[in-house]
Amino acid sequence: MADPAMVPADKSPRTERGRKTLRRLLEAAASEFGERGFHEAAITGITQRAGVALGTFYTYFDGKEALFRALVRDMSQTTRAHVAEAVRGAPDRLTAERLGLEAFIGFVRRHPELYRIIEEAQFVAEDVYREHYLTFADGYSRNLAAARGRGEIAEGPDEPRAWALIGMSVFLGMRYGLWKDDLSPRQVATMAIDLVSEGLRKR
């Protein structure tokens, strides 16, 4: 269900029906922006995909950029929630890393529009683009700090580690989730986390 916080307070849906309509608009926008890009996408195309009247669009959004910004935040939140659910109950941090990366690559395969929309955000709404990664990094850093506290990983700086792991996920997701699926998400995640845990040093 759509998070009402994705739209300004004065446009936030107050009924279940309104929240469902907002969700349909966001899903339609993901398809429209994902296929056509921000500049070629049309509000009429989005409303047609969502099966709502043009006037309904303006009940929730002031224009195309407002919807795009809400969509980036929604996709970011949905991705984080999907990964968080996948790692829930993991016995240790390295297992959580493997499960999270596997889940992320699988998510990308089901939602290939994610990359185009997030990357385009750096030119359309740079603050939201940065917010996407900064929010990921903040949560990641806290999780690494907690794992250090439990003695599950070696001592070290949490924030640089978080960004390094995010970078790995982004490019592995691009290669094995978006470009070519010649390895399963589990295979990719296992090899990547072996690298994280064992490093490149010859033993």
# chains A, B, ... in the order shown; residues from 1 in each chain; ligands from 1
>>> residues_around(residues="region 158-173 of chain A", least_positions_apart="6", cutoff="12 Å", atoms="only C-alpha atoms", output="ChimeraX atom specification")
/A:80,83,94,97-112,114-115,118-119,132-149,179-181,183-193,195-197
>>> residues_around(residues="region 53-58 of chain A", least_positions_apart="3", cutoff="10 Å", atoms="only C-alpha atoms", output="list in words")
Lys11, Gly18, Thr21, Leu22, Leu25, Ile43, Thr44, Gly45, Ile46, Thr47, Gln48, Ala50, Phe61, Asp62, Gly63, Lys64 and Leu67 of chain A
>>> closest_residue(among="A:Ala90, A:Ala81, A:Val124, A:Ile117", to="Ser31 (chain A)", atoms="only C-alpha atoms")
A:Ile117
>>> select_by_dssp(residues="region 2-158 of chain A", states="helix (DSSP H, G or I)", output="PyMOL selection string")
chain A and resi 4-6+9-11+16-40+43-50+54-60+64-87+93-110+113-124+126-149+158
>>> closest_residue(among="A:Ala30, A:Thr95, A:Arg175, A:Glu120", to="Asp194 (chain A)", atoms="only C-alpha atoms")
A:Thr95
>>> residues_around(residues="Arg69 (chain A)", least_positions_apart="3", cutoff="8 Å", atoms="only C-alpha atoms", output="ChimeraX atom specification")
/A:65-66,72-73,121,125,128
>>> write_last_selection(atoms="N, CA, C and O atoms", output="CSV table (one decimal), in the first residue's frame")
chain,number,residue,atom,x,y,z
A,65,GLU,N,7.0,16.3,-12.2
A,65,GLU,CA,8.2,16.2,-11.4
A,65,GLU,C,7.8,15.8,-10.0
A,65,GLU,O,8.5,15.0,-9.3
A,66,ALA,N,6.7,16.3,-9.5
A,66,ALA,CA,6.3,16.0,-8.1
A,66,ALA,C,6.0,14.5,-8.0
A,66,ALA,O,6.4,13.8,-7.0
A,72,VAL,N,10.6,8.1,-6.8
A,72,VAL,CA,11.9,7.7,-6.4
A,72,VAL,C,11.9,7.3,-5.0
A,72,VAL,O,12.5,6.3,-4.5
A,73,ARG,N,11.3,8.1,-4.1
A,73,ARG,CA,11.2,7.8,-2.7
A,73,ARG,C,10.5,6.5,-2.4
A,73,ARG,O,10.9,5.7,-1.6
A,121,ALA,N,17.1,10.3,-11.8
A,121,ALA,CA,16.8,11.2,-10.7
A,121,ALA,C,18.0,12.1,-10.4
A,121,ALA,O,17.8,13.3,-9.9
A,125,ALA,N,16.0,15.3,-10.1
A,125,ALA,CA,15.8,15.7,-8.7
A,125,ALA,C,17.0,15.2,-7.9
A,125,ALA,O,16.9,14.2,-7.2
A,128,VAL,N,16.7,14.2,-4.2
A,128,VAL,CA,16.1,12.9,-3.9
A,128,VAL,C,17.0,11.7,-4.3
A,128,VAL,O,17.0,10.7,-3.6
